[in-house]
>>> print(open('entry_9.cif').read())   # mmCIF, C-alpha atoms (C1' of nucleotides)
data_input
#
loop_
_atom_site.label_atom_id
_atom_site.label_comp_id
_atom_site.auth_asym_id
_atom_site.auth_seq_id
_atom_site.Cartn_x
_atom_site.Cartn_y
_atom_site.Cartn_z
CA MET J 1 116.11 90.72 47.46
CA GLY J 2 117.88 87.54 46.53
CA VAL J 3 116.50 84.08 45.96
CA PHE J 4 117.25 82.92 49.52
CA SER J 5 116.93 84.71 52.88
CA LYS J 6 120.15 85.96 54.46
CA THR J 7 119.84 83.19 57.04
CA CYS J 8 119.65 80.61 54.26
CA GLU J 9 122.65 82.09 52.43
CA TYR J 10 124.72 81.76 55.61
CA ALA J 11 123.34 78.24 56.16
CA ILE J 12 124.34 76.95 52.74
CA ARG J 13 127.76 78.58 52.88
CA ALA J 14 128.35 77.20 56.39
CA VAL J 15 127.34 73.68 55.40
CA PHE J 16 129.63 73.79 52.35
CA PHE J 17 132.43 75.03 54.59
CA ILE J 18 131.93 72.34 57.22
CA ALA J 19 131.62 69.70 54.49
CA HIS J 20 134.96 70.39 52.87
CA LYS J 21 136.81 71.13 56.13
CA THR J 22 135.80 67.85 57.75
CA ALA J 23 135.90 65.67 54.63
CA SER J 24 138.72 63.59 56.13
CA GLY J 25 137.31 63.28 59.64
CA GLY J 26 137.69 65.90 62.38
CA ARG J 27 135.48 68.76 63.45
CA VAL J 28 135.44 72.48 62.94
CA GLY J 29 134.47 75.09 65.56
CA ILE J 30 131.95 77.88 65.14
CA LYS J 31 134.72 80.52 65.19
CA GLU J 32 136.48 78.97 62.23
CA VAL J 33 133.26 78.50 60.30
CA ALA J 34 132.18 82.10 60.88
CA ALA J 35 135.59 83.37 59.77
CA GLY J 36 135.62 81.01 56.81
CA ILE J 37 132.34 82.23 55.37
CA ASP J 38 132.53 85.83 56.61
CA SER J 39 129.42 85.80 58.80
CA PRO J 40 128.51 87.17 62.25
CA GLU J 41 129.49 84.45 64.69
CA PRO J 42 126.56 84.56 67.18
CA PHE J 43 124.02 84.63 64.38
CA LEU J 44 125.66 81.71 62.62
CA ALA J 45 125.70 79.84 65.94
CA LYS J 46 121.91 80.11 66.04
CA ILE J 47 121.60 78.88 62.48
CA LEU J 48 123.87 75.89 63.05
CA GLN J 49 122.05 75.00 66.27
CA ASP J 50 118.89 74.82 64.21
CA LEU J 51 120.47 72.75 61.44
CA SER J 52 121.94 70.47 64.06
CA ARG J 53 118.56 69.91 65.72
CA LYS J 54 117.17 69.06 62.30
CA GLY J 55 119.95 66.59 61.62
CA ILE J 56 121.41 68.42 58.63
CA VAL J 57 124.77 68.94 60.34
CA GLN J 58 126.28 66.98 63.20
CA SER J 59 127.88 68.50 66.28
CA ALA J 60 129.88 67.50 69.35
CA LYS J 61 130.46 69.45 72.55
CA GLY J 62 133.63 69.71 74.61
CA PRO J 63 137.32 69.76 73.66
CA ASN J 64 137.90 68.73 70.05
CA GLY J 65 134.20 69.26 69.57
CA GLY J 66 132.64 71.26 66.77
CA PHE J 67 130.54 70.70 63.68
CA TYR J 68 130.94 67.99 61.06
CA LEU J 69 128.98 65.99 58.52
CA ASP J 70 128.58 62.24 58.40
CA ALA J 71 128.60 60.27 55.16
CA ASP J 72 124.81 60.41 54.84
CA ALA J 73 124.71 64.17 55.38
CA LEU J 74 127.20 64.71 52.56
CA LYS J 75 124.83 62.97 50.16
CA ARG J 76 121.80 65.07 51.04
CA PRO J 77 120.54 67.58 48.48
CA LEU J 78 120.63 71.34 48.99
CA THR J 79 116.83 71.33 49.08
CA ASP J 80 117.09 69.89 52.60
CA ILE J 81 118.92 73.03 53.78
CA VAL J 82 116.64 75.43 51.93
CA GLU J 83 113.45 73.76 53.17
CA ALA J 84 114.76 73.64 56.73
CA VAL J 85 115.52 77.37 56.71
CA ASP J 86 113.21 79.09 54.21
CA GLY J 87 110.44 76.51 53.89
CA ASN J 88 109.13 75.53 50.48
CA ALA J 89 107.58 78.81 49.32
CA LEU J 90 110.33 79.11 46.70
CA PHE J 91 109.35 75.78 45.14
CA THR J 92 105.59 75.83 45.53
CA GLY J 93 104.46 79.43 46.14
CA CYS J 94 102.82 81.79 43.65
CA ALA J 95 105.15 84.44 42.20
CA LEU J 96 102.53 87.11 42.91
CA GLY J 97 101.76 85.86 46.41
CA LEU J 98 98.26 84.53 45.70
CA LYS J 99 97.13 81.80 48.09
CA GLN J 100 94.65 80.28 45.65
CA CYS J 101 96.82 80.42 42.53
CA SER J 102 96.54 77.12 40.65
CA GLU J 103 95.92 75.57 37.26
CA VAL J 104 92.20 76.22 37.73
CA LYS J 105 92.51 79.95 38.47
CA PRO J 106 96.10 80.91 37.72
CA CYS J 107 97.75 84.28 38.20
CA PRO J 108 99.07 85.76 34.95
CA LEU J 109 102.59 84.50 35.62
CA HIS J 110 101.64 81.05 36.88
CA GLY J 111 102.57 78.98 33.84
CA GLN J 112 105.95 80.59 33.26
CA PHE J 113 107.01 80.64 36.89
CA LYS J 114 105.99 77.04 37.36
CA ILE J 115 108.74 76.13 34.92
CA ILE J 116 111.33 78.31 36.63
CA ARG J 117 110.41 77.09 40.12
CA GLY J 118 110.75 73.56 38.80
CA GLU J 119 114.22 74.29 37.46
CA ILE J 120 115.35 75.78 40.76
CA HIS J 121 114.00 72.79 42.62
CA GLU J 122 115.63 70.37 40.18
CA LEU J 123 118.97 72.15 40.55
CA LEU J 124 118.88 72.12 44.35
CA GLU J 125 117.58 68.55 44.46
CA THR J 126 120.32 67.14 42.24
CA THR J 127 123.11 69.13 43.90
CA LYS J 128 124.44 67.28 46.94
CA ILE J 129 126.07 68.96 49.93
CA GLY J 130 129.46 67.29 49.37
CA LYS J 131 129.60 68.10 45.66
CA PHE J 132 132.00 71.04 45.88
CA ASN J 133 134.46 69.72 48.45
CA GLN J 134 137.27 69.31 45.93
CA GLU J 135 136.75 72.73 44.35
CA LEU J 136 136.67 74.36 47.78
CA ILE J 137 139.82 72.60 48.95
CA LEU J 138 141.60 73.69 45.77
CA GLY J 139 140.35 77.25 46.13
CA ILE J 140 138.50 77.20 42.82
CA ASN J 141 135.26 78.13 44.55
CA ALA J 142 134.74 80.84 47.19
CA LEU J 143 132.50 81.03 50.25
CA LYS J 144 133.32 84.54 51.44
CA LYS J 145 133.39 88.20 50.39
CA MET T 146 110.22 83.58 51.02
CA GLY T 147 109.02 84.12 47.50
CA VAL T 148 110.90 85.42 44.50
CA PHE T 149 109.63 88.99 44.95
CA SER T 150 109.11 91.10 48.07
CA LYS T 151 105.53 91.53 49.27
CA THR T 152 105.69 95.12 48.07
CA CYS T 153 106.68 93.95 44.61
CA GLU T 154 103.92 91.32 44.49
CA TYR T 155 101.35 94.03 45.25
CA ALA T 156 102.98 96.34 42.70
CA ILE T 157 102.78 93.85 39.83
CA ARG T 158 99.23 92.81 40.67
CA ALA T 159 98.15 96.45 40.95
CA VAL T 160 99.72 97.40 37.62
CA PHE T 161 98.06 94.42 35.90
CA PHE T 162 94.76 95.47 37.47
CA ILE T 163 95.06 99.09 36.41
CA ALA T 164 96.15 98.02 32.93
CA HIS T 165 93.11 95.91 32.17
CA LYS T 166 90.63 98.17 33.95
CA THR T 167 91.68 101.25 32.01
CA ALA T 168 92.39 99.56 28.68
CA SER T 169 89.57 101.54 27.02
CA GLY T 170 90.37 104.91 28.60
CA GLY T 171 89.19 106.00 32.05
CA ARG T 172 90.83 105.83 35.44
CA VAL T 173 90.54 103.63 38.47
CA GLY T 174 90.69 104.77 42.10
CA ILE T 175 92.93 103.37 44.81
CA LYS T 176 89.93 101.84 46.62
CA GLU T 177 88.92 99.80 43.61
CA VAL T 178 92.50 98.70 42.92
CA ALA T 179 93.02 97.61 46.53
CA ALA T 180 89.76 95.65 46.51
CA GLY T 181 90.55 94.19 43.09
CA ILE T 182 93.90 92.75 44.13
CA ASP T 183 93.07 92.09 47.79
CA SER T 184 95.72 94.36 49.33
CA PRO T 185 95.78 96.80 52.26
CA GLU T 186 94.66 100.12 50.81
CA PRO T 187 97.05 102.55 52.58
CA PHE T 188 100.05 100.36 51.87
CA LEU T 189 99.11 100.04 48.22
CA ALA T 190 98.66 103.81 48.08
CA LYS T 191 102.32 104.21 49.06
CA ILE T 192 103.42 101.72 46.44
CA LEU T 193 101.42 103.38 43.66
CA GLN T 194 102.69 106.82 44.68
CA ASP T 195 106.18 105.48 44.18
CA LEU T 196 105.39 103.87 40.83
CA SER T 197 103.69 107.08 39.75
CA ARG T 198 106.76 109.16 40.65
CA LYS T 199 108.86 106.74 38.62
CA GLY T 200 106.56 107.01 35.63
CA ILE T 201 105.48 103.38 35.59
CA VAL T 202 101.83 104.25 36.18
CA GLN T 203 100.04 107.52 35.49
CA SER T 204 97.71 109.28 37.90
CA ALA T 205 95.29 112.20 38.05
CA LYS T 206 93.89 114.00 41.09
CA GLY T 207 90.39 115.28 41.69
CA PRO T 208 86.97 114.03 40.58
CA ASN T 209 87.21 111.30 37.94
CA GLY T 210 90.84 111.06 38.90
CA GLY T 211 92.67 107.86 39.64
CA PHE T 212 95.37 105.66 38.17
CA TYR T 213 95.78 104.64 34.55
CA LEU T 214 98.39 103.59 32.01
CA ASP T 215 99.22 105.31 28.76
CA ALA T 216 100.03 103.41 25.57
CA ASP T 217 103.77 103.51 26.26
CA ALA T 218 103.35 102.18 29.79
CA LEU T 219 101.39 99.18 28.53
CA LYS T 220 104.35 98.19 26.36
CA ARG T 221 106.90 98.31 29.19
CA PRO T 222 108.33 95.02 30.44
CA LEU T 223 107.73 93.66 33.94
CA THR T 224 111.43 94.17 34.68
CA ASP T 225 110.66 97.89 34.95
CA ILE T 226 108.31 97.24 37.89
CA VAL T 227 110.61 94.73 39.57
CA GLU T 228 113.68 96.94 39.29
CA ALA T 229 111.76 99.98 40.54
CA VAL T 230 110.60 98.10 43.65
CA ASP T 231 113.13 95.36 44.45
CA GLY T 232 116.18 96.59 42.57
CA ASN T 233 118.20 94.24 40.40
CA ALA T 234 119.55 91.82 43.03
CA LEU T 235 117.33 89.08 41.60
CA PHE T 236 118.94 89.42 38.18
CA THR T 237 122.55 90.16 39.09
CA GLY T 238 123.13 89.10 42.70
CA CYS T 239 124.96 85.99 43.94
CA ALA T 240 122.64 83.22 45.16
CA LEU T 241 124.76 82.85 48.31
CA GLY T 242 124.99 86.59 48.94
CA LEU T 243 128.70 87.01 48.11
CA LYS T 244 129.66 90.51 47.01
CA GLN T 245 132.71 89.39 45.04
CA CYS T 246 131.17 86.35 43.37
CA SER T 247 132.14 86.30 39.69
CA GLU T 248 133.56 84.16 36.90
CA VAL T 249 137.02 84.65 38.37
CA LYS T 250 136.19 83.53 41.91
CA PRO T 251 132.71 82.00 41.74
CA CYS T 252 130.63 80.62 44.58
CA PRO T 253 129.79 76.95 44.18
CA LEU T 254 126.37 77.73 42.71
CA HIS T 255 127.46 80.58 40.45
CA GLY T 256 127.34 78.80 37.10
CA GLN T 257 123.98 77.14 37.60
CA PHE T 258 122.26 80.18 39.10
CA LYS T 259 123.55 82.42 36.37
CA ILE T 260 121.41 80.42 33.96
CA ILE T 261 118.35 80.58 36.16
CA ARG T 262 118.73 84.30 36.84
CA GLY T 263 119.03 84.79 33.10
CA GLU T 264 115.80 82.90 32.49
CA ILE T 265 113.93 84.94 35.08
CA HIS T 266 115.24 88.15 33.56
CA GLU T 267 114.37 86.99 30.05
CA LEU T 268 110.84 86.09 31.14
CA LEU T 269 110.22 89.42 32.85
CA GLU T 270 111.86 91.37 30.03
CA THR T 271 109.76 89.80 27.27
CA THR T 272 106.51 89.99 29.24
CA LYS T 273 104.85 93.37 28.76
CA ILE T 274 102.51 95.00 31.26
CA GLY T 275 99.51 94.93 28.93
CA LYS T 276 99.96 91.30 27.93
CA PHE T 277 97.24 89.81 30.14
CA ASN T 278 94.51 92.42 29.68
CA GLN T 279 92.29 90.10 27.67
CA GLU T 280 92.70 87.14 30.04
CA LEU T 281 91.96 89.37 33.02
CA ILE T 282 88.87 90.90 31.42
CA LEU T 283 87.60 87.40 30.60
CA GLY T 284 88.37 86.16 34.11
CA ILE T 285 90.80 83.50 32.92
CA ASN T 286 93.53 84.92 35.11
CA ALA T 287 93.22 85.99 38.76
CA LEU T 288 94.81 88.82 40.75
CA LYS T 289 93.40 88.10 44.17
CA LYS T 290 93.08 85.40 46.85
"C1'" DC V 291 136.76 64.63 89.90
"C1'" DA V 292 138.26 69.39 88.54
"C1'" DA V 293 139.35 72.36 84.86
"C1'" DA V 294 138.86 73.55 80.32
"C1'" DT V 295 136.47 73.49 76.02
"C1'" DA V 296 132.75 74.07 72.89
"C1'" DA V 297 127.99 73.80 71.53
"C1'" DA V 298 122.91 74.60 73.20
"C1'" DA V 299 119.57 77.47 74.97
"C1'" DG V 300 117.35 81.62 76.20
"C1'" DA V 301 116.69 86.43 76.51
"C1'" DT V 302 117.52 90.90 74.21
"C1'" DA V 303 118.49 94.40 70.74
"C1'" DA V 304 118.82 96.62 66.21
"C1'" DA V 305 117.41 97.10 61.47
"C1'" DA V 306 114.40 96.42 57.68
"C1'" DA V 307 109.96 95.44 55.74
"C1'" DA V 308 105.15 95.85 55.96
"C1'" DG V 309 101.27 98.38 57.18
"C1'" DT V 310 98.44 102.65 59.07
"C1'" DC V 311 96.88 107.27 59.89
"C1'" DT V 312 96.64 112.32 59.19
"C1'" DT V 313 97.39 116.37 56.61
"C1'" DT V 314 98.27 118.64 52.24
"C1'" DT V 315 97.93 119.53 47.36
"C1'" DA V 316 95.74 119.48 42.92
"C1'" DA V 317 91.85 119.10 39.93
"C1'" DT V 318 86.93 119.21 38.89
"C1'" DT V 319 82.20 120.50 39.25
"C1'" DT V 320 78.54 123.42 40.56
"C1'" DA C 321 84.94 131.08 44.15
"C1'" DA C 322 83.37 127.16 47.23
"C1'" DA C 323 82.70 122.44 47.84
"C1'" DT C 324 84.05 118.02 46.63
"C1'" DT C 325 86.98 114.48 45.11
"C1'" DA C 326 91.12 111.83 44.90
"C1'" DA C 327 96.06 111.31 44.90
"C1'" DA C 328 100.63 112.94 47.30
"C1'" DA C 329 103.23 113.47 51.20
"C1'" DG C 330 104.78 112.80 55.78
"C1'" DA C 331 104.82 110.89 60.34
"C1'" DC C 332 104.08 106.90 62.83
"C1'" DT C 333 103.29 101.78 64.31
"C1'" DT C 334 103.76 96.88 63.96
"C1'" DT C 335 105.89 92.75 62.51
"C1'" DT C 336 109.62 90.13 60.77
"C1'" DT C 337 114.33 89.45 59.99
"C1'" DT C 338 118.87 89.87 61.36
"C1'" DA C 339 122.11 90.08 64.97
"C1'" DT C 340 124.04 90.02 69.89
"C1'" DC C 341 124.88 88.70 74.62
"C1'" DT C 342 124.67 85.72 78.75
"C1'" DT C 343 123.97 81.45 80.98
"C1'" DT C 344 123.67 76.45 80.83
"C1'" DT C 345 124.79 71.80 79.46
"C1'" DA C 346 127.71 68.24 77.73
"C1'" DT C 347 132.26 66.30 76.81
"C1'" DT C 348 137.06 65.59 77.23
"C1'" DT C 349 141.47 65.57 79.35
"C1'" DG C 350 144.77 65.88 83.01
#
>>> encode(input="entry_9.cif", output="structure tokens")
Amino acid sequence: MGVFSKTCEYAIRAVFFIAHKTASGGRVGIKEVAAGIDSPEPFLAKILQDLSRKGIVQSAKGPNGGFYLDADALKRPLTDIVEAVDGNALFTGCALGLKQCSEVKPCPLHGQFKIIRGEIHELLETTKIGKFNQELILGINALKK
Amino acid sequence: MGVFSKTCEYAIRAVFFIAHKTASGGRVGIKEVAAGIDSPEPFLAKILQDLSRKGIVQSAKGPNGGFYLDADALKRPLTDIVEAVDGNALFTGCALGLKQCSEVKPCPLHGQFKIIRGEIHELLETTKIGKFNQELILGINALKK
DNA sequence: CAAATAAAAGATAAAAAAGTCTTTTAATTT
DNA sequence: AAATTAAAAGACTTTTTTATCTTTTATTTG
């Protein structure tokens, strides 16, 4: 079990892919995105539909249509993707799954995991969607295999 | 989605419960454990069977039987439970689910998540199973609701 | 406006995780 | 030794997650 759900892993990779592919205008089709991040195409289609509805990616139908990101979207933090897909359990939930876990009646791991959850949130909040465009274009970073 | 699977959450809570309940000798039955950590009894039974097979908890059948932890088991780190139940994906896996993600061809989040994964591993490695016995006996820490 | 293109929507299907129930085995007590 | 107790084992069910397929809607271009 990773930190994110499979759906969320695909979502982040897809958004990174769309971001760097459409950095200089243009759109990219679902086929190319799926191939570019090595994901099942119909499943990714569902995920991108959802992200599109939520305004995290933009899309256009018809010839020359496809997915893209506007200037605002490029500046959004990764937390927006994660919250849209996985919710905020990763940032706010108890490590041991206790509904009532809090400062008043903490689970044994509460204090320590509060710090770690905070660090994950901080990392995803300060990392913007467009941050890796250059590295991806240059092939320094990978989004598949 | 939390950090651990539901199964692993139950496993850690159950082991903490057994640890503090049997700190001065004695055993505790599955019914009492399930009630004490607010988990479905038959499901927990499966989990404890597995942990018992793997030597993380001890068990005894028959009257006055039940689960307990020997001195060695109390000194084991939480990583032993997590690895037994969820494997080591949390400590070693790529945040974006890439099989080939590494220093050579890293995903965009590789460097940052390496640090966080390391901190989680460090925390679980230095925290021993018996660590919270006193807090649990005194009711400072909670394992249910 | 017709044809082609590409995403959106909806209905299913397969796999994995979570949870339940029944029978068996082992140990203890009388 | 028989009865009782409690975990182990195995088969099964439900729910959630992951994945697929088909039809519809919107847009563009000739």
>>> residues_around(input="entry_9.cif", residues="segment 305-315 of chain V", least_positions_apart="4", cutoff="12 Å", atoms="only C-alpha atoms (C1' of nucleotides)", output="ChimeraX atom specification")
/J:1 /T:150-153,155,184-192,206-207,231 /C:326-339
>>> atom_distance(input="entry_9.cif", atom1="atom CA of Gly97 of chain J", atom2="atom CA of Leu269 of chain T")
16.4 Å
>>> atom_distance(input="entry_9.cif", atom1="atom CA of Arg158 of chain T", atom2="atom CA of Phe277 of chain T")
11.1 Å
>>> interface_residues(input="entry_9.cif", of="chain J", to="chain T", cutoff="7 Å", atoms="all atoms listed in the file", output="list in words")
Met1, Gly2, Val3, Phe4, Glu9, Arg13, Asp86, Ala89, Leu90, Gly93, Ala95, Leu96, Gly97, Leu98, Lys99, Gln100, Lys105, Pro106, Cys107, Pro108, Phe132, Ile140, Asn141, Ala142, Leu143, Lys144 and Lys145 of chain J
>>> resolve_selection(input="entry_9.cif", expression="the PyMOL selection byres ((chain J) within 12 of (chain V))", output="list of chain:residue names")
J:Met1, J:Arg27, J:Val28, J:Gly29, J:Ile30, J:Lys31, J:Pro42, J:Ala45, J:Lys46, J:Ile47, J:Leu48, J:Gln49, J:Asp50, J:Ser52, J:Arg53, J:Gln58, J:Ser59, J:Ala60, J:Lys61, J:Gly62, J:Pro63, J:Asn64, J:Gly65, J:Gly66, J:Phe67
>>> atom_distance(input="entry_9.cif", atom1="atom CA of Lys166 of chain T", atom2="atom CA of Ala216 of chain T")
13.6 Å
>>> interface_residues(input="entry_9.cif", of="chain C", to="chain J", cutoff="7 Å", atoms="only C-alpha atoms (C1' of nucleotides)", output="PDB file with C-alpha atoms (C1' of nucleotides), keeping the file's coordinate frame")
ATOM      1  C1'  DA C 339     122.110  90.080  64.970  1.00  0.00           C
ATOM      2  C1'  DT C 340     124.040  90.020  69.890  1.00  0.00           C
ATOM      3  C1'  DA C 346     127.710  68.240  77.730  1.00  0.00           C
ATOM      4  C1'  DT C 347     132.260  66.300  76.810  1.00  0.00           C
ATOM      5  C1'  DT C 348     137.060  65.590  77.230  1.00  0.00           C
TER       6       DT C 348
END
>>> residues_around(input="entry_9.cif", residues="Ala164 of chain T", least_positions_apart="2", cutoff="8 Å", atoms="all atoms listed in the file", output="list in words")
Val160, Phe161, Phe162, Lys166, Thr167, Ala168, Tyr213, Leu214, Leu219, Ile274, Gly275 and Asn278 of chain T
>>> axis_aligned_box(input="entry_9.cif", around="segment 341-350 of chain C", padding_each_side="6 Å", output="JSON")
{"center_x": 134.2, "center_y": 77.1, "center_z": 78.8, "size_x": 33.1, "size_y": 35.1, "size_z": 20.4}
>>> build_atoms(input="entry_9.cif", residues="segment 192-214 of chain T", atoms="N, CA, C and O atoms", output="mmCIF file, in the frame of the given file")
data_model
loop_
_atom_site.group_PDB
_atom_site.id
_atom_site.type_symbol
_atom_site.label_atom_id
_atom_site.label_comp_id
_atom_site.auth_asym_id
_atom_site.auth_seq_id
_atom_site.Cartn_x
_atom_site.Cartn_y
_atom_site.Cartn_z
ATOM 1 N N ILE T 192 102.745 102.400 47.549
ATOM 2 C CA ILE T 192 103.420 101.720 46.440
ATOM 3 C C ILE T 192 103.094 102.417 45.116
ATOM 4 O O ILE T 192 103.986 102.677 44.305
ATOM 5 N N LEU T 193 101.818 102.739 44.914
ATOM 6 C CA LEU T 193 101.420 103.380 43.660
ATOM 7 C C LEU T 193 101.956 104.803 43.554
ATOM 8 O O LEU T 193 102.294 105.267 42.455
ATOM 9 N N GLN T 194 102.063 105.489 44.688
ATOM 10 C CA GLN T 194 102.690 106.820 44.680
ATOM 11 C C GLN T 194 104.107 106.716 44.119
ATOM 12 O O GLN T 194 104.529 107.512 43.285
ATOM 13 N N ASP T 195 104.793 105.694 44.607
ATOM 14 C CA ASP T 195 106.180 105.480 44.180
ATOM 15 C C ASP T 195 106.247 105.138 42.693
ATOM 16 O O ASP T 195 107.059 105.701 41.950
ATOM 17 N N LEU T 196 105.384 104.241 42.248
ATOM 18 C CA LEU T 196 105.390 103.870 40.830
ATOM 19 C C LEU T 196 104.993 105.052 39.955
ATOM 20 O O LEU T 196 105.466 105.175 38.818
ATOM 21 N N SER T 197 104.121 105.901 40.485
ATOM 22 C CA SER T 197 103.690 107.080 39.750
ATOM 23 C C SER T 197 104.859 108.060 39.586
ATOM 24 O O SER T 197 105.112 108.575 38.490
ATOM 25 N N ARG T 198 105.578 108.283 40.686
ATOM 26 C CA ARG T 198 106.760 109.160 40.650
ATOM 27 C C ARG T 198 107.768 108.666 39.623
ATOM 28 O O ARG T 198 108.397 109.431 38.927
ATOM 29 N N LYS T 199 107.893 107.335 39.534
ATOM 30 C CA LYS T 199 108.860 106.740 38.620
ATOM 31 C C LYS T 199 108.324 106.561 37.208
ATOM 32 O O LYS T 199 109.008 105.999 36.347
ATOM 33 N N GLY T 200 107.100 107.020 36.979
ATOM 34 C CA GLY T 200 106.560 107.010 35.630
ATOM 35 C C GLY T 200 106.063 105.667 35.125
ATOM 36 O O GLY T 200 105.791 105.493 33.933
ATOM 37 N N ILE T 201 105.928 104.700 36.022
ATOM 38 C CA ILE T 201 105.480 103.380 35.590
ATOM 39 C C ILE T 201 103.961 103.327 35.482
ATOM 40 O O ILE T 201 103.411 102.648 34.620
ATOM 41 N N VAL T 202 103.264 104.044 36.365
ATOM 42 C CA VAL T 202 101.830 104.250 36.180
ATOM 43 C C VAL T 202 101.571 105.747 36.095
ATOM 44 O O VAL T 202 102.398 106.547 36.538
ATOM 45 N N GLN T 203 100.417 106.114 35.528
ATOM 46 C CA GLN T 203 100.040 107.520 35.490
ATOM 47 C C GLN T 203 98.917 107.737 36.488
ATOM 48 O O GLN T 203 98.202 106.797 36.833
ATOM 49 N N SER T 204 98.774 109.003 36.951
ATOM 50 C CA SER T 204 97.710 109.280 37.900
ATOM 51 C C SER T 204 97.147 110.679 37.663
ATOM 52 O O SER T 204 97.796 111.533 37.077
ATOM 53 N N ALA T 205 95.927 110.893 38.137
ATOM 54 C CA ALA T 205 95.290 112.200 38.050
ATOM 55 C C ALA T 205 94.513 112.443 39.330
ATOM 56 O O ALA T 205 93.872 111.529 39.845
ATOM 57 N N LYS T 206 94.610 113.650 39.865
ATOM 58 C CA LYS T 206 93.890 114.000 41.090
ATOM 59 C C LYS T 206 92.485 114.473 40.766
ATOM 60 O O LYS T 206 92.132 114.672 39.602
ATOM 61 N N GLY T 207 91.713 114.689 41.828
ATOM 62 C CA GLY T 207 90.390 115.280 41.690
ATOM 63 C C GLY T 207 89.323 114.326 41.189
ATOM 64 O O GLY T 207 89.584 113.152 40.944
ATOM 65 N N PRO T 208 88.095 114.838 41.050
ATOM 66 C CA PRO T 208 86.970 114.030 40.580
ATOM 67 C C PRO T 208 87.296 113.355 39.245
ATOM 68 O O PRO T 208 87.925 113.983 38.387
ATOM 69 N N ASN T 209 86.860 112.115 39.118
ATOM 70 C CA ASN T 209 87.210 111.300 37.940
ATOM 71 C C ASN T 209 88.701 111.039 37.823
ATOM 72 O O ASN T 209 89.165 110.566 36.798
ATOM 73 N N GLY T 210 89.408 111.355 38.899
ATOM 74 C CA GLY T 210 90.840 111.060 38.900
ATOM 75 C C GLY T 210 91.070 109.602 39.238
ATOM 76 O O GLY T 210 90.119 108.825 39.388
ATOM 77 N N GLY T 211 92.320 109.244 39.332
ATOM 78 C CA GLY T 211 92.670 107.860 39.640
ATOM 79 C C GLY T 211 93.924 107.451 38.892
ATOM 80 O O GLY T 211 94.646 108.305 38.366
ATOM 81 N N PHE T 212 94.165 106.161 38.837
ATOM 82 C CA PHE T 212 95.370 105.660 38.170
ATOM 83 C C PHE T 212 95.025 105.106 36.795
ATOM 84 O O PHE T 212 93.927 104.634 36.557
ATOM 85 N N TYR T 213 95.978 105.196 35.881
ATOM 86 C CA TYR T 213 95.780 104.640 34.550
ATOM 87 C C TYR T 213 97.140 104.413 33.904
ATOM 88 O O TYR T 213 98.176 104.729 34.481
ATOM 89 N N LEU T 214 97.139 103.834 32.723
ATOM 90 C CA LEU T 214 98.390 103.590 32.010
ATOM 91 C C LEU T 214 98.265 104.116 30.592
ATOM 92 O O LEU T 214 97.276 103.831 29.914
#
